[in-house]
file model_11.tsv (TSV, C-alpha atoms)
chain	number	residue	atom	x	y	z
A	1	MET	CA	110.49	279.20	111.78
A	2	SER	CA	110.51	277.23	115.01
A	3	GLU	CA	107.93	274.55	115.67
A	4	TYR	CA	106.43	276.87	118.29
A	5	PRO	CA	104.51	280.03	117.38
A	6	SER	CA	106.22	281.94	120.20
A	7	GLN	CA	109.72	281.90	121.68
A	8	ILE	CA	108.36	282.66	125.15
A	9	LEU	CA	106.09	279.64	124.82
A	10	GLU	CA	108.99	277.52	123.58
A	11	GLN	CA	111.16	278.53	126.55
A	12	ALA	CA	108.39	277.61	128.99
A	13	VAL	CA	107.96	274.25	127.23
A	14	ASN	CA	111.73	273.67	127.37
A	15	GLN	CA	111.71	274.28	131.12
A	16	MET	CA	108.72	272.01	131.72
A	17	ALA	CA	110.25	269.29	129.54
A	18	SER	CA	113.45	269.45	131.62
A	19	LEU	CA	111.56	267.62	134.37
A	20	PRO	CA	112.28	263.87	134.36
A	21	GLY	CA	109.67	261.83	132.50
A	22	VAL	CA	107.93	264.86	131.00
A	23	GLY	CA	108.01	264.76	127.18
A	24	ARG	CA	107.68	267.80	124.95
A	25	ARG	CA	104.05	267.16	124.08
A	26	THR	CA	103.07	266.76	127.72
A	27	ALA	CA	105.16	269.83	128.57
A	28	LEU	CA	103.23	271.90	126.00
A	29	ARG	CA	99.92	270.69	127.41
A	30	LEU	CA	100.99	271.56	130.99
A	31	VAL	CA	102.31	274.99	129.95
A	32	LEU	CA	99.09	275.82	128.09
A	33	HIS	CA	97.15	274.73	131.18
A	34	LEU	CA	99.22	277.19	133.26
A	35	LEU	CA	98.56	279.92	130.70
A	36	ARG	CA	94.83	279.48	131.32
A	37	GLN	CA	95.27	280.13	135.07
A	38	SER	CA	95.20	283.57	136.69
A	39	ASP	CA	98.31	285.74	137.03
A	40	GLY	CA	98.27	285.12	140.78
A	41	ASP	CA	98.03	281.36	140.35
A	42	VAL	CA	100.96	281.25	137.94
A	43	GLN	CA	102.99	283.45	140.31
A	44	ALA	CA	102.15	281.13	143.22
A	45	PHE	CA	103.11	278.11	141.10
A	46	ALA	CA	106.50	279.62	140.26
A	47	ASN	CA	107.17	281.00	143.74
A	48	ALA	CA	106.63	277.63	145.42
A	49	PHE	CA	109.73	276.17	143.76
A	50	VAL	CA	111.95	279.23	144.21
A	51	ARG	CA	110.94	279.41	147.87
A	52	LEU	CA	111.57	275.68	148.36
A	53	LYS	CA	115.05	276.02	146.85
A	54	SER	CA	115.99	279.09	148.89
A	55	ASP	CA	114.30	278.38	152.22
A	56	VAL	CA	114.36	274.62	152.68
A	57	LEU	CA	116.53	273.25	155.47
A	58	TYR	CA	117.95	269.81	156.12
A	59	CYS	CA	117.67	268.42	159.65
A	60	ARG	CA	121.10	268.63	161.30
A	61	GLU	CA	120.57	265.16	162.82
A	62	CYS	CA	118.96	262.99	160.15
A	63	HIS	CA	119.40	265.21	157.03
A	64	ASN	CA	115.75	264.88	156.08
A	65	ILE	CA	114.12	267.92	154.47
A	66	SER	CA	112.77	270.14	157.22
A	67	ASP	CA	111.42	273.61	157.95
A	68	THR	CA	113.43	273.70	161.17
A	69	GLU	CA	117.04	272.98	162.12
A	70	LEU	CA	115.89	269.84	163.88
A	71	CYS	CA	113.08	267.99	162.07
A	72	PRO	CA	109.87	267.11	163.95
A	73	ILE	CA	110.86	263.42	164.16
A	74	CYS	CA	114.32	264.12	165.61
A	75	ALA	CA	112.81	266.74	167.93
A	76	SER	CA	110.12	264.41	169.26
A	77	VAL	CA	110.59	263.01	172.77
A	78	ARG	CA	108.12	260.23	171.92
A	79	ARG	CA	110.44	258.67	169.32
A	80	ASP	CA	113.05	256.06	170.18
A	81	HIS	CA	116.32	257.90	169.55
A	82	ALA	CA	118.39	254.75	170.11
A	83	THR	CA	117.15	253.21	166.84
A	84	ILE	CA	118.19	254.72	163.52
A	85	CYS	CA	116.62	253.63	160.25
A	86	VAL	CA	118.98	254.38	157.35
A	87	VAL	CA	117.15	255.27	154.11
A	88	GLU	CA	118.09	256.56	150.70
A	89	ASN	CA	115.81	259.59	150.45
A	90	VAL	CA	112.92	261.71	151.70
A	91	GLN	CA	110.28	259.58	149.98
A	92	ASP	CA	111.48	256.51	151.91
A	93	VAL	CA	110.99	258.32	155.24
A	94	MET	CA	107.45	259.22	154.17
A	95	SER	CA	106.73	255.65	153.05
A	96	ILE	CA	107.93	254.13	156.34
A	97	GLU	CA	106.10	256.79	158.39
A	98	ASN	CA	102.92	255.92	156.47
A	99	THR	CA	103.14	252.30	157.66
A	100	GLY	CA	102.77	253.46	161.28
A	101	GLN	CA	105.07	250.54	162.23
A	102	TYR	CA	108.21	252.47	163.17
A	103	ASN	CA	108.89	254.63	166.19
A	104	GLY	CA	112.64	255.24	165.89
A	105	VAL	CA	114.46	258.03	164.09
A	106	TYR	CA	115.97	258.16	160.59
A	107	HIS	CA	119.17	258.89	158.75
A	108	VAL	CA	118.66	260.10	155.16
A	109	LEU	CA	121.72	259.29	153.06
A	110	GLY	CA	120.59	261.42	150.13
A	111	GLY	CA	121.58	258.69	147.67
A	112	ILE	CA	123.25	255.28	147.59
A	113	ILE	CA	126.70	254.19	146.51
A	114	SER	CA	126.70	253.67	142.77
A	115	PRO	CA	130.03	253.36	140.92
A	116	MET	CA	128.08	253.39	137.64
A	117	GLU	CA	126.62	256.81	138.42
A	118	GLY	CA	129.83	258.06	140.04
A	119	VAL	CA	128.31	258.22	143.54
A	120	GLY	CA	130.86	257.28	146.21
A	121	PRO	CA	130.61	257.09	150.02
A	122	LYS	CA	131.81	260.70	150.33
A	123	ASP	CA	128.91	261.94	148.19
A	124	ILE	CA	126.26	260.75	150.63
A	125	GLU	CA	125.67	261.21	154.37
A	126	ILE	CA	127.68	258.25	155.64
A	127	ASP	CA	130.30	260.18	157.65
A	128	SER	CA	127.55	261.97	159.56
A	129	LEU	CA	125.93	258.59	160.28
A	130	MET	CA	129.23	257.38	161.76
A	131	GLU	CA	129.40	260.52	163.90
A	132	ARG	CA	125.92	259.83	165.26
A	133	ILE	CA	126.93	256.25	166.07
A	134	ALA	CA	130.26	257.33	167.64
A	135	GLY	CA	128.25	259.80	169.75
A	136	GLY	CA	126.93	256.74	171.60
A	137	GLU	CA	123.41	255.96	172.86
A	138	ILE	CA	122.55	254.13	169.61
A	139	LYS	CA	121.36	250.54	170.10
A	140	GLU	CA	120.23	249.52	166.60
A	141	ILE	CA	120.84	250.52	163.01
A	142	ILE	CA	118.15	249.35	160.55
A	143	LEU	CA	119.34	249.34	156.97
A	144	ALA	CA	116.30	250.13	154.80
A	145	LEU	CA	117.95	250.68	151.44
A	146	PRO	CA	116.64	249.47	148.06
A	147	THR	CA	117.04	245.71	147.45
A	148	THR	CA	119.30	246.39	144.46
A	149	MET	CA	123.00	245.84	143.87
A	150	GLU	CA	123.66	249.48	144.82
A	151	GLY	CA	121.60	249.03	147.98
A	152	ASP	CA	123.51	245.86	148.88
A	153	THR	CA	126.84	247.59	148.25
A	154	THR	CA	125.85	250.51	150.48
A	155	ASN	CA	124.56	248.16	153.20
A	156	PHE	CA	127.85	246.29	153.19
A	157	TYR	CA	129.92	249.49	153.18
A	158	ILE	CA	128.01	250.88	156.19
A	159	TYR	CA	128.31	247.53	158.00
A	160	ARG	CA	132.11	247.54	157.54
A	161	ARG	CA	132.43	251.17	158.61
A	162	ILE	CA	130.50	250.44	161.81
A	163	ARG	CA	132.59	247.36	162.59
A	164	ASN	CA	135.78	249.39	161.99
A	165	LEU	CA	134.47	251.91	164.50
A	166	GLU	CA	134.67	249.31	167.24
A	167	SER	CA	138.42	249.79	167.95
A	168	GLY	CA	137.97	253.39	169.08
A	169	HIS	CA	134.42	252.96	170.37
A	170	PRO	CA	134.01	249.63	172.17
A	171	GLU	CA	130.28	250.33	172.68
A	172	ALA	CA	129.82	250.07	168.89
A	173	ALA	CA	130.39	246.32	169.24
A	174	GLN	CA	127.08	246.16	171.12
A	175	LEU	CA	125.29	247.86	168.21
A	176	LYS	CA	122.73	245.69	166.48
A	177	ILE	CA	122.75	246.06	162.69
A	178	SER	CA	119.63	244.78	160.94
A	179	GLN	CA	118.08	245.13	157.50
A	180	ILE	CA	114.45	245.23	156.42
A	181	ALA	CA	113.02	241.77	155.69
A	182	ARG	CA	113.28	240.64	152.10
A	183	GLY	CA	110.75	238.17	150.84
A	184	VAL	CA	107.50	237.68	148.98
A	185	ALA	CA	105.42	240.86	149.02
A	186	VAL	CA	102.09	240.61	150.83
A	187	GLY	CA	99.33	239.71	148.35
A	188	ASN	CA	101.70	238.30	145.74
A	189	GLN	CA	101.38	234.86	144.10
A	190	LEU	CA	104.43	232.64	144.54
A	191	GLU	CA	104.45	231.74	140.83
A	192	TYR	CA	104.93	235.40	139.88
A	193	THR	CA	107.69	236.05	142.41
A	194	ASP	CA	111.20	236.11	140.96
A	195	GLU	CA	113.44	233.13	141.77
A	196	ILE	CA	116.02	235.04	143.78
A	197	THR	CA	113.40	236.58	146.08
A	198	LEU	CA	111.57	233.27	146.46
A	199	GLY	CA	114.82	231.37	147.09
A	200	ARG	CA	115.94	233.83	149.76
A	201	SER	CA	112.51	233.82	151.38
A	202	ILE	CA	112.89	230.07	151.91
A	203	VAL	CA	116.46	230.27	153.18
A	204	ASN	CA	115.59	233.17	155.49
A	205	ARG	CA	112.28	231.71	156.65
A	206	THR	CA	110.99	232.93	160.01
A	207	GLU	CA	109.24	231.06	162.79
A	208	PHE	CA	105.49	230.71	162.24
A	209	LYS	CA	103.60	232.10	165.18
A	210	GLY	CA	100.12	230.72	164.79
B	211	MET	CA	101.88	265.97	161.75
B	212	SER	CA	101.50	266.32	158.00
B	213	GLU	CA	102.54	263.55	155.65
B	214	TYR	CA	105.38	265.82	154.47
B	215	PRO	CA	108.42	266.60	156.64
B	216	SER	CA	108.30	270.27	155.57
B	217	GLN	CA	105.47	272.72	154.79
B	218	ILE	CA	107.55	274.44	152.13
B	219	LEU	CA	108.02	271.07	150.47
B	220	GLU	CA	104.32	270.31	150.79
B	221	GLN	CA	103.38	273.62	149.17
B	222	ALA	CA	105.71	272.96	146.25
B	223	VAL	CA	104.21	269.47	145.85
B	224	ASN	CA	100.70	270.93	145.98
B	225	GLN	CA	101.56	273.35	143.18
B	226	MET	CA	103.17	270.65	141.04
B	227	ALA	CA	100.21	268.32	141.63
B	228	SER	CA	97.83	271.07	140.45
B	229	LEU	CA	99.03	270.35	136.91
B	230	PRO	CA	96.61	268.07	135.04
B	231	GLY	CA	97.62	264.41	135.09
B	232	VAL	CA	100.34	264.90	137.72
B	233	GLY	CA	99.63	262.81	140.84
B	234	ARG	CA	101.04	263.60	144.27
B	235	ARG	CA	103.73	260.94	144.12
B	236	THR	CA	104.96	262.14	140.72
B	237	ALA	CA	104.75	265.74	141.96
B	238	LEU	CA	107.01	264.90	144.92
B	239	ARG	CA	109.50	263.22	142.59
B	240	LEU	CA	109.54	266.26	140.26
B	241	VAL	CA	109.88	268.73	143.15
B	242	LEU	CA	112.78	266.78	144.68
B	243	HIS	CA	114.39	266.76	141.23
B	244	LEU	CA	114.09	270.56	141.11
B	245	LEU	CA	115.59	270.78	144.59
B	246	ARG	CA	118.71	269.05	143.29
B	247	GLN	CA	119.19	271.69	140.58
B	248	SER	CA	121.16	274.93	141.05
B	249	ASP	CA	119.54	278.11	142.36
B	250	GLY	CA	119.85	279.64	138.91
B	251	ASP	CA	118.20	276.68	137.23
B	252	VAL	CA	115.24	276.72	139.63
B	253	GLN	CA	114.90	280.47	139.12
B	254	ALA	CA	114.94	280.00	135.33
B	255	PHE	CA	112.36	277.23	135.63
B	256	ALA	CA	110.02	279.45	137.65
B	257	ASN	CA	110.61	282.58	135.57
B	258	ALA	CA	109.71	280.86	132.32
B	259	PHE	CA	106.08	280.45	133.38
B	260	VAL	CA	105.71	283.88	134.97
B	261	ARG	CA	107.20	285.47	131.87
B	262	LEU	CA	104.94	283.43	129.57
B	263	LYS	CA	101.87	284.51	131.52
B	264	SER	CA	102.84	288.20	131.62
B	265	ASP	CA	104.45	288.68	128.20
B	266	VAL	CA	102.65	286.35	125.82
B	267	LEU	CA	100.51	287.94	123.12
B	268	TYR	CA	97.71	286.58	120.99
B	269	CYS	CA	97.77	287.39	117.27
B	270	ARG	CA	95.14	290.07	116.56
B	271	GLU	CA	94.12	288.23	113.37
B	272	CYS	CA	94.10	284.50	114.17
B	273	HIS	CA	94.35	284.59	118.02
B	274	ASN	CA	97.22	282.12	118.06
B	275	ILE	CA	99.86	282.55	120.76
B	276	SER	CA	102.50	284.93	119.41
B	277	ASP	CA	105.46	287.09	120.45
B	278	THR	CA	104.21	289.84	118.14
B	279	GLU	CA	100.86	291.57	117.55
B	280	LEU	CA	100.58	289.78	114.23
B	281	CYS	CA	101.85	286.19	114.31
B	282	PRO	CA	104.48	285.06	111.77
B	283	ILE	CA	101.88	283.09	109.80
B	284	CYS	CA	99.44	286.01	109.51
B	285	ALA	CA	102.33	288.36	108.73
B	286	SER	CA	103.72	286.16	105.94
B	287	VAL	CA	103.14	287.30	102.34
B	288	ARG	CA	103.81	283.73	101.20
B	289	ARG	CA	100.70	282.38	102.91
B	290	ASP	CA	97.29	282.27	101.23
B	291	HIS	CA	95.27	284.77	103.24
B	292	ALA	CA	92.02	283.88	101.42
B	293	THR	CA	91.92	280.47	103.13
B	294	ILE	CA	91.28	280.25	106.85
B	295	CYS	CA	91.66	276.99	108.75
B	296	VAL	CA	89.56	277.05	111.92
B	297	VAL	CA	91.11	275.08	114.79
B	298	GLU	CA	90.42	274.58	118.47
B	299	ASN	CA	93.82	275.47	119.93
B	300	VAL	CA	97.50	276.24	119.58
B	301	GLN	CA	98.52	272.57	119.47
B	302	ASP	CA	96.30	272.06	116.42
B	303	VAL	CA	98.05	274.88	114.52
B	304	MET	CA	101.40	273.26	115.34
B	305	SER	CA	100.16	269.83	114.28
B	306	ILE	CA	98.85	271.10	110.91
B	307	GLU	CA	102.00	273.16	110.31
B	308	ASN	CA	104.06	270.02	110.93
B	309	THR	CA	102.29	268.21	108.07
B	310	GLY	CA	103.62	270.78	105.58
B	311	GLN	CA	100.33	270.35	103.66
B	312	TYR	CA	98.74	273.71	104.36
B	313	ASN	CA	99.63	277.17	103.11
B	314	GLY	CA	96.65	279.22	104.27
B	315	VAL	CA	96.15	281.04	107.54
B	316	TYR	CA	94.43	279.98	110.76
B	317	HIS	CA	91.75	281.02	113.19
B	318	VAL	CA	92.26	279.69	116.71
B	319	LEU	CA	88.91	279.43	118.50
B	320	GLY	CA	90.49	278.81	121.90
B	321	GLY	CA	87.97	276.06	122.62
B	322	ILE	CA	84.91	274.43	121.13
B	323	ILE	CA	81.23	274.72	121.96
B	324	SER	CA	80.46	272.32	124.80
B	325	PRO	CA	77.16	272.66	126.67
B	326	MET	CA	78.40	270.00	129.10
B	327	GLU	CA	81.40	272.15	130.05
B	328	GLY	CA	79.44	275.38	129.88
B	329	VAL	CA	81.34	276.67	126.83
B	330	GLY	CA	79.06	278.65	124.51
B	331	PRO	CA	79.72	280.46	121.20
B	332	LYS	CA	80.47	283.70	123.06
B	333	ASP	CA	83.25	282.04	125.06
B	334	ILE	CA	85.34	281.27	121.98
B	335	GLU	CA	86.62	283.34	119.06
B	336	ILE	CA	83.63	282.92	116.73
B	337	ASP	CA	82.56	286.58	116.50
B	338	SER	CA	86.07	287.56	115.46
B	339	LEU	CA	85.97	284.82	112.81
B	340	MET	CA	82.75	286.33	111.44
B	341	GLU	CA	84.40	289.76	111.36
B	342	ARG	CA	87.28	288.35	109.32
B	343	ILE	CA	84.80	286.78	106.90
B	344	ALA	CA	82.65	289.93	106.72
B	345	GLY	CA	85.82	291.86	105.98
B	346	GLY	CA	85.80	290.11	102.59
B	347	GLU	CA	88.63	288.59	100.56
B	348	ILE	CA	88.08	285.17	102.17
B	349	LYS	CA	87.45	282.37	99.67
B	350	GLU	CA	87.45	279.28	101.84
B	351	ILE	CA	86.91	278.31	105.43
B	352	ILE	CA	88.34	274.93	106.42
B	353	LEU	CA	86.80	273.54	109.59
B	354	ALA	CA	89.52	271.49	111.33
B	355	LEU	CA	87.89	270.82	114.68
B	356	PRO	CA	87.99	267.54	116.62
B	357	THR	CA	85.78	264.79	115.20
B	358	THR	CA	83.72	264.71	118.36
B	359	MET	CA	80.16	265.75	119.09
B	360	GLU	CA	81.43	269.10	120.39
B	361	GLY	CA	83.47	269.55	117.20
B	362	ASP	CA	80.46	268.70	115.05
B	363	THR	CA	78.28	271.12	117.02
B	364	THR	CA	80.83	273.89	116.58
B	365	ASN	CA	81.21	273.11	112.86
B	366	PHE	CA	77.47	273.35	112.38
B	367	TYR	CA	77.18	276.54	114.42
B	368	ILE	CA	79.91	278.24	112.38
B	369	TYR	CA	78.31	277.01	109.13
B	370	ARG	CA	74.97	278.54	110.11
B	371	ARG	CA	76.55	281.82	111.22
B	372	ILE	CA	78.33	282.13	107.88
B	373	ARG	CA	75.18	281.35	105.91
B	374	ASN	CA	73.27	283.93	108.01
B	375	LEU	CA	75.96	286.45	107.08
B	376	GLU	CA	74.93	286.22	103.42
B	377	SER	CA	72.00	288.67	103.73
B	378	GLY	CA	74.26	291.60	104.62
B	379	HIS	CA	77.31	290.32	102.77
B	380	PRO	CA	76.32	288.76	99.41
B	381	GLU	CA	79.94	287.78	98.79
B	382	ALA	CA	79.69	285.35	101.72
B	383	ALA	CA	77.46	283.19	99.51
B	384	GLN	CA	80.56	282.53	97.35
B	385	LEU	CA	82.49	281.34	100.36
B	386	LYS	CA	83.44	277.70	100.25
B	387	ILE	CA	83.05	275.94	103.58
B	388	SER	CA	84.94	272.67	103.89
B	389	GLN	CA	85.93	270.35	106.65
B	390	ILE	CA	88.97	268.15	107.05
B	391	ALA	CA	88.43	264.67	105.62
B	392	ARG	CA	87.17	262.12	108.06
B	393	GLY	CA	90.38	260.19	107.82
B	394	VAL	CA	90.84	261.27	111.39
B	395	ALA	CA	89.38	258.51	113.56
B	396	VAL	CA	86.20	259.55	115.32
B	397	GLY	CA	86.83	260.49	118.93
B	398	ASN	CA	90.52	261.33	118.41
B	399	GLN	CA	92.24	264.61	119.26
B	400	LEU	CA	94.06	266.35	116.39
B	401	GLU	CA	97.31	266.61	118.31
B	402	TYR	CA	97.53	262.84	118.67
B	403	THR	CA	96.86	262.07	115.00
B	404	ASP	CA	99.84	260.96	112.88
B	405	GLU	CA	101.08	263.50	110.34
B	406	ILE	CA	100.21	261.51	107.21
B	407	THR	CA	96.59	261.02	108.24
B	408	LEU	CA	96.30	264.63	109.34
B	409	GLY	CA	97.98	265.90	106.14
B	410	ARG	CA	95.67	263.86	103.90
B	411	SER	CA	92.67	265.00	105.84
B	412	ILE	CA	93.53	268.57	104.87
B	413	VAL	CA	94.23	267.74	101.21
B	414	ASN	CA	91.01	265.68	100.95
B	415	ARG	CA	88.81	268.14	102.79
B	416	THR	CA	85.17	267.93	101.74
B	417	GLU	CA	82.44	270.52	101.39
B	418	PHE	CA	80.50	271.07	104.58
B	419	LYS	CA	76.81	270.26	104.03
B	420	GLY	CA	74.91	271.69	106.94

call {"tool": "encode", "arguments": {"input": "model_11.tsv", "output": "C-alpha cells"}}
result
Amino acid sequence: MSEYPSQILEQAVNQMASLPGVGRRTALRLVLHLLRQSDGDVQAFANAFVRLKSDVLYCRECHNISDTELCPICASVRRDHATICVVENVQDVMSIENTGQYNGVYHVLGGIISPMEGVGPKDIEIDSLMERIAGGEIKEIILALPTTMEGDTTNFYIYRRIRNLESGHPEAAQLKISQIARGVAVGNQLEYTDEITLGRSIVNRTEFKG
Amino acid sequence: MSEYPSQILEQAVNQMASLPGVGRRTALRLVLHLLRQSDGDVQAFANAFVRLKSDVLYCRECHNISDTELCPICASVRRDHATICVVENVQDVMSIENTGQYNGVYHVLGGIISPMEGVGPKDIEIDSLMERIAGGEIKEIILALPTTMEGDTTNFYIYRRIRNLESGHPEAAQLKISQIARGVAVGNQLEYTDEITLGRSIVNRTEFKG
C-alpha cells in the first residue's frame, strides 16, 4: 500500500511538491488546506494558473509579462524611452519599479548566460535588445543584472555586441553603457561585508557631495 | 498602476499566496516557475486539485480520505478491528502507519475541540465514533491526539462520552480507553514527531484516567 490513503490525494501532493522548494510534507499540508476550501475556491485556484499559461502575453518591446501587446511601461508617454534598463526577469522589473528611482523603460532578458546551465545568448532576449538599439533613439543602456559570474558574463557579452554594432550603426558609438552601482549595501556594517565587495567599493569610490 | 505588470499574473499570485505559509514573493516565484512549464504540465497541475476536491471520498467507517467507500485499512481482514486509534487528521494516520507499530483501525476526527477556534464536539467526528463503539465488538480505544490543551480537552470529552454510554450499553464498561504514551513532547504536533518516539508512544500507551 502507498504511503497515502488515496491515489487522488497522492497525485495532488505530487503536483504540489513539483513546485521548487516545496517538500512532500508541506505539499500534503497545502493540499489538505485546499481540500477544506469550497468547490468554487478550488476551481478558482486551479483556473488562475491555466488562465495565466494560456492568456499571458509578453510585451513586444521589452518582453516583460503583460496583459497587452505593449506593456503599460512601454506604452507610457511619461517614461524616458531613450534609456533601457536590462534585467534578468519580471521580479527585477518589479523591484526597480518599487524603488521609484527609475523613469526609463526595460528590457527583460528572461534569463542570463550560464554555460553551466546550458543557457547561451540565443536562449535569452539579446537579439531583440540589439534590434531595439539598432532602431536608434536609444541614449543609455543600464545593465542591471545579478552581481554574479553569470551576470558579469552577460554584461560583457552585451557590451561587446553593442560595440560590434557600431560599424553598421555609427550612432551606437554615442550610446552610454552603464551598470548598477556595486558596493556596500545601505545599512550594512563594513566588517560583515565580503572582501571583494568592500575592495571594489574603495576602488570605485564616488565623490562625496556633502 | 498595480505592482504587477499583468492582472492575470497578479490573480495567479493572489491564488498561490492564499496557501498557508506562502508569502507574496514566494508565490510570484512559484507562479513564474509554473509559467515556464508546458501547457500540459500546467493543466495537470491545476486538474490534480480540482479532481481531488470533486472525486475524493471519506471512508464511511473511519472518515479517513479514501478512493473507495471503505478505506484499505478498514477493508483489511488483517487489521484488528476491535482496536480503534482516534486521531485528529489524515497526516496522523500516515505518521502512525509509517511507524509500523500499529495493527488496529483508525477514527479520524477531522479536528479537535477548540473553543478558541470555535470548534465544538459537533464539528468533528465524535458522534460517529460513539456509534462505532455502541455497535459493539470494540475492545480498546487509543486516544492519539496532540499533547496540547485542545488534545487533552478532546481526550477528556471522548472519555466522558464513552463512560456515559455505559448505561445503555453495558459492554462499553469493558472498553479499555488508553492514550499514547507521553513520550511525545508536550506542545508538539504528531506529524513532526520522529517515528521511534511515535512508535513507542503507541506501544507504551497508558490507561486514560479521566

call {"tool": "calpha_fit_rmsd", "arguments": {"input": "model_11.tsv", "fixed": "chain A", "moving": "chain B"}}
result
6.1 Å

call {"tool": "atom_distance", "arguments": {"input": "model_11.tsv", "atom1": "CA of Gln221 (chain B)", "atom2": "CA of Gln101 (chain A)"}}
result
26.6 Å

call {"tool": "residues_near_point", "arguments": {"input": "model_11.tsv", "point": "(100.5, 275.9, 138.0)", "cutoff": "8 Å", "atoms": "all atoms listed in the file", "output": "list in words"}}
result
His33, Leu34, Gln37, Asp41, Val42, Ala44, Phe45 and Ala46 of chain A; Gln225, Met226, Ser228 and Leu229 of chain B

call {"tool": "closest_residue", "arguments": {"input": "model_11.tsv", "among": "A:Cys62, A:Ile141, A:Val50, A:Cys74", "to": "chain B", "atoms": "all atoms listed in the file"}}
result
A:Val50

call {"tool": "interface_residues", "arguments": {"input": "model_11.tsv", "of": "chain B", "to": "chain A", "cutoff": "7 Å", "atoms": "only C-alpha atoms", "output": "MDAnalysis selection string"}}
result
chainID B and resid 213:219 221:222 225 229:230 240 245 249 252:253 255:260 262:263 266 275:277 304

call {"tool": "closest_residue", "arguments": {"input": "model_11.tsv", "among": "B:Ser338, B:Thr293, B:Thr357, B:Ser377", "to": "Ala391 (chain B)", "atoms": "all atoms listed in the file"}}
result
B:Thr357

call {"tool": "atom_distance", "arguments": {"input": "model_11.tsv", "atom1": "CA of Ile113 (chain A)", "atom2": "CA of His63 (chain A)"}}
result
16.9 Å

call {"tool": "atom_distance", "arguments": {"input": "model_11.tsv", "atom1": "CA of Ile336 (chain B)", "atom2": "CA of Val287 (chain B)"}}
result
24.6 Å

call {"tool": "residues_near_point", "arguments": {"input": "model_11.tsv", "point": "(114.1, 250.7, 157.1)", "cutoff": "6 Å", "atoms": "only C-alpha atoms", "output": "tab-separated table (two decimals) with C-alpha atoms, in the frame of the given file"}}
result
chain	number	residue	atom	x	y	z
A	85	CYS	CA	116.62	253.63	160.25
A	142	ILE	CA	118.15	249.35	160.55
A	143	LEU	CA	119.34	249.34	156.97
A	144	ALA	CA	116.30	250.13	154.80
A	180	ILE	CA	114.45	245.23	156.42

call {"tool": "closest_residue", "arguments": {"input": "model_11.tsv", "among": "B:Ala382, B:Ile322, B:Leu339, B:Ile406", "to": "Asp362 (chain B)", "atoms": "only C-alpha atoms"}}
result
B:Ile322

call {"tool": "decode", "arguments": {"input": "model_11.tsv", "residues": "region 160-194 of chain A", "atoms": "C-alpha atoms", "output": "PDB file, in the first residue's frame"}}
result
ATOM      1  CA  ARG A 160      30.718  43.528 -26.927  1.00  0.00           C
ATOM      2  CA  ARG A 161      27.606  43.050 -29.061  1.00  0.00           C
ATOM      3  CA  ILE A 162      26.778  46.757 -28.762  1.00  0.00           C
ATOM      4  CA  ARG A 163      30.328  47.813 -29.632  1.00  0.00           C
ATOM      5  CA  ASN A 164      30.264  45.456 -32.662  1.00  0.00           C
ATOM      6  CA  LEU A 165      27.076  47.185 -33.751  1.00  0.00           C
ATOM      7  CA  GLU A 166      28.970  50.431 -34.223  1.00  0.00           C
ATOM      8  CA  SER A 167      30.315  49.573 -37.724  1.00  0.00           C
ATOM      9  CA  GLY A 168      26.840  49.429 -39.263  1.00  0.00           C
ATOM     10  CA  HIS A 169      25.247  51.926 -36.876  1.00  0.00           C
ATOM     11  CA  PRO A 170      27.616  54.818 -36.148  1.00  0.00           C
ATOM     12  CA  GLU A 171      25.094  56.302 -33.682  1.00  0.00           C
ATOM     13  CA  ALA A 172      25.670  53.266 -31.427  1.00  0.00           C
ATOM     14  CA  ALA A 173      29.102  54.704 -30.636  1.00  0.00           C
ATOM     15  CA  GLN A 174      27.308  57.543 -28.819  1.00  0.00           C
ATOM     16  CA  LEU A 175      25.415  55.035 -26.664  1.00  0.00           C
ATOM     17  CA  LYS A 176      26.274  55.193 -22.983  1.00  0.00           C
ATOM     18  CA  ILE A 177      26.553  51.769 -21.351  1.00  0.00           C
ATOM     19  CA  SER A 178      26.366  51.782 -17.559  1.00  0.00           C
ATOM     20  CA  GLN A 179      25.836  49.212 -14.834  1.00  0.00           C
ATOM     21  CA  ILE A 180      24.119  49.489 -11.466  1.00  0.00           C
ATOM     22  CA  ALA A 181      26.484  50.587  -8.678  1.00  0.00           C
ATOM     23  CA  ARG A 182      28.131  47.786  -6.758  1.00  0.00           C
ATOM     24  CA  GLY A 183      29.183  48.449  -3.216  1.00  0.00           C
ATOM     25  CA  VAL A 184      28.277  48.131   0.432  1.00  0.00           C
ATOM     26  CA  ALA A 185      24.518  47.758   0.870  1.00  0.00           C
ATOM     27  CA  VAL A 186      22.803  50.566   2.768  1.00  0.00           C
ATOM     28  CA  GLY A 187      22.589  49.696   6.477  1.00  0.00           C
ATOM     29  CA  ASN A 188      25.373  47.113   6.352  1.00  0.00           C
ATOM     30  CA  GLN A 189      28.402  47.030   8.675  1.00  0.00           C
ATOM     31  CA  LEU A 190      31.750  47.143   6.876  1.00  0.00           C
ATOM     32  CA  GLU A 191      33.097  44.240   8.956  1.00  0.00           C
ATOM     33  CA  TYR A 192      30.354  41.942   7.646  1.00  0.00           C
ATOM     34  CA  THR A 193      30.777  42.953   4.002  1.00  0.00           C
ATOM     35  CA  ASP A 194      32.687  40.455   1.869  1.00  0.00           C
TER      36      ASP A 194
END
